[in-house]
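Reading through the structure tokens given below for one structure.
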Amino acid sequence: MNKDPDRIESLVSEKRVKLHVFEPSQRKIWTVVGKGEEHWVDPSSLYCSCPGFYFGKLNGKETCYHLDSVKLAQNENKVEKIIFSDEEFSDFLLGLLLDL
């Protein structure tokens with residue numbers, strides 16, 4: 001786990017770990033709202049769009065505090081689940097990519 005448990009706990013307790021579910025396809029996109037930015041997270045592939053993840057990988061780290069917060073939110077059943085229709089998927093994805 002990351003070395004910043006207070007930061008991870010606050011992301012989870014403030015419901016900033018979000019699972020966006022698109023229906024009826026059941027496509028899922030994870031995001032974590034960090035300091036002023038929302039980061040795209042893929043916990044199954046151990047990926048996060050934050051700069052800390054990228055630079056951490058260069059230094060041999062496997063994760064970042066956003067990924068660790070998703071794991072904690074899942075373990076504590078504190079994921080903020082948001083339902084969308086499949087028709088909203090393209091616009092949602094475009095908005096997410098434009099923020100990267």
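For the structure tokens, the naming scheme is as follows: chains receive sequential letters (A, B, ...) according to their order of presentation, residues are indexed from 1 within each chain, and ligands are indexed from 1 in presentation order.
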Residues within 10 Å of Leu67 (chain A), only C-alpha atoms, excluding chain neighbours under 4 positions, as a VMD selection string
chain A and resid 1 to 2 8 17 30 to 32 39 to 44 46 to 48 53 62 to 63 71 to 73
Write a file of the selected residues as a PDB file, in the first residue's frame, keeping N, CA and C atoms.
```pdb
ATOM      1  N   MET A   1       0.843  -1.185   0.000  1.00  0.00           N
ATOM      2  CA  MET A   1       0.000   0.000   0.000  1.00  0.00           C
ATOM      3  C   MET A   1       0.888   1.248   0.000  1.00  0.00           C
ATOM      4  N   ASN A   2       0.344   2.318  -0.452  1.00  0.00           N
ATOM      5  CA  ASN A   2       1.069   3.581  -0.544  1.00  0.00           C
ATOM      6  C   ASN A   2       1.457   4.078   0.846  1.00  0.00           C
ATOM      7  N   ILE A   8      -5.203   8.579   1.479  1.00  0.00           N
ATOM      8  CA  ILE A   8      -6.029   7.513   0.913  1.00  0.00           C
ATOM      9  C   ILE A   8      -7.348   7.437   1.662  1.00  0.00           C
ATOM     10  N   VAL A  17     -13.898   8.347  -4.613  1.00  0.00           N
ATOM     11  CA  VAL A  17     -13.638   7.178  -5.465  1.00  0.00           C
ATOM     12  C   VAL A  17     -14.959   6.843  -6.140  1.00  0.00           C
ATOM     13  N   TRP A  30     -13.663   3.797 -13.750  1.00  0.00           N
ATOM     14  CA  TRP A  30     -13.313   4.261 -12.404  1.00  0.00           C
ATOM     15  C   TRP A  30     -12.644   5.619 -12.501  1.00  0.00           C
ATOM     16  N   THR A  31     -12.995   6.522 -11.600  1.00  0.00           N
ATOM     17  CA  THR A  31     -12.275   7.783 -11.463  1.00  0.00           C
ATOM     18  C   THR A  31     -12.062   8.067  -9.979  1.00  0.00           C
ATOM     19  N   VAL A  32     -11.026   8.852  -9.705  1.00  0.00           N
ATOM     20  CA  VAL A  32     -10.765   9.329  -8.350  1.00  0.00           C
ATOM     21  C   VAL A  32     -10.557  10.829  -8.458  1.00  0.00           C
ATOM     22  N   HIS A  39      -8.981  11.788 -11.928  1.00  0.00           N
ATOM     23  CA  HIS A  39      -8.054  10.882 -12.592  1.00  0.00           C
ATOM     24  C   HIS A  39      -8.766   9.602 -12.992  1.00  0.00           C
ATOM     25  N   TRP A  40      -8.473   9.142 -14.209  1.00  0.00           N
ATOM     26  CA  TRP A  40      -9.004   7.882 -14.686  1.00  0.00           C
ATOM     27  C   TRP A  40      -8.146   6.774 -14.099  1.00  0.00           C
ATOM     28  N   VAL A  41      -8.797   5.773 -13.516  1.00  0.00           N
ATOM     29  CA  VAL A  41      -8.103   4.676 -12.857  1.00  0.00           C
ATOM     30  C   VAL A  41      -8.635   3.358 -13.407  1.00  0.00           C
ATOM     31  N   ASP A  42      -7.731   2.431 -13.683  1.00  0.00           N
ATOM     32  CA  ASP A  42      -8.126   1.082 -14.076  1.00  0.00           C
ATOM     33  C   ASP A  42      -7.485   0.107 -13.091  1.00  0.00           C
ATOM     34  N   PRO A  43      -8.209  -0.252 -12.029  1.00  0.00           N
ATOM     35  CA  PRO A  43      -7.608  -1.095 -10.996  1.00  0.00           C
ATOM     36  C   PRO A  43      -7.214  -2.483 -11.497  1.00  0.00           C
ATOM     37  N   SER A  44      -7.926  -3.013 -12.486  1.00  0.00           N
ATOM     38  CA  SER A  44      -7.585  -4.362 -12.969  1.00  0.00           C
ATOM     39  C   SER A  44      -6.273  -4.360 -13.752  1.00  0.00           C
ATOM     40  N   LEU A  46      -3.909  -1.961 -13.119  1.00  0.00           N
ATOM     41  CA  LEU A  46      -3.009  -1.143 -12.306  1.00  0.00           C
ATOM     42  C   LEU A  46      -2.522   0.079 -13.075  1.00  0.00           C
ATOM     43  N   TYR A  47      -3.494   0.908 -13.509  1.00  0.00           N
ATOM     44  CA  TYR A  47      -3.186   2.132 -14.258  1.00  0.00           C
ATOM     45  C   TYR A  47      -3.910   3.317 -13.626  1.00  0.00           C
ATOM     46  N   CYS A  48      -3.239   4.454 -13.599  1.00  0.00           N
ATOM     47  CA  CYS A  48      -3.850   5.717 -13.194  1.00  0.00           C
ATOM     48  C   CYS A  48      -3.315   6.810 -14.105  1.00  0.00           C
ATOM     49  N   PHE A  53       1.649   8.555 -10.863  1.00  0.00           N
ATOM     50  CA  PHE A  53       1.711   7.165 -11.300  1.00  0.00           C
ATOM     51  C   PHE A  53       2.776   7.002 -12.376  1.00  0.00           C
ATOM     52  N   GLU A  62       4.755   0.427  -8.251  1.00  0.00           N
ATOM     53  CA  GLU A  62       3.691  -0.296  -8.954  1.00  0.00           C
ATOM     54  C   GLU A  62       2.346   0.424  -8.896  1.00  0.00           C
ATOM     55  N   THR A  63       2.207   1.373  -7.988  1.00  0.00           N
ATOM     56  CA  THR A  63       0.887   1.960  -7.751  1.00  0.00           C
ATOM     57  C   THR A  63       1.033   3.425  -7.348  1.00  0.00           C
ATOM     58  N   LYS A  71      -8.691   0.477  -4.079  1.00  0.00           N
ATOM     59  CA  LYS A  71      -8.630  -0.809  -3.371  1.00  0.00           C
ATOM     60  C   LYS A  71      -9.282  -0.702  -1.991  1.00  0.00           C
ATOM     61  N   LEU A  72      -8.981   0.361  -1.258  1.00  0.00           N
ATOM     62  CA  LEU A  72      -9.558   0.555   0.070  1.00  0.00           C
ATOM     63  C   LEU A  72     -11.076   0.754  -0.027  1.00  0.00           C
ATOM     64  N   ALA A  73     -11.519   1.569  -0.980  1.00  0.00           N
ATOM     65  CA  ALA A  73     -12.963   1.810  -1.145  1.00  0.00           C
ATOM     66  C   ALA A  73     -13.698   0.510  -1.470  1.00  0.00           C
TER      67      ALA A  73
END
```
Would you mind reading off the distance between CA of His20 (chain A) and CA of Pro5 (chain A), one decimal, in Å?
24.5 Å
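Nearest-residue note for Ser49 (chain A): choosing from A:Lys15, A:Lys35, A:Lys81, A:His66, the minimum distance belongs to A:His66, counting only C-alpha atoms.
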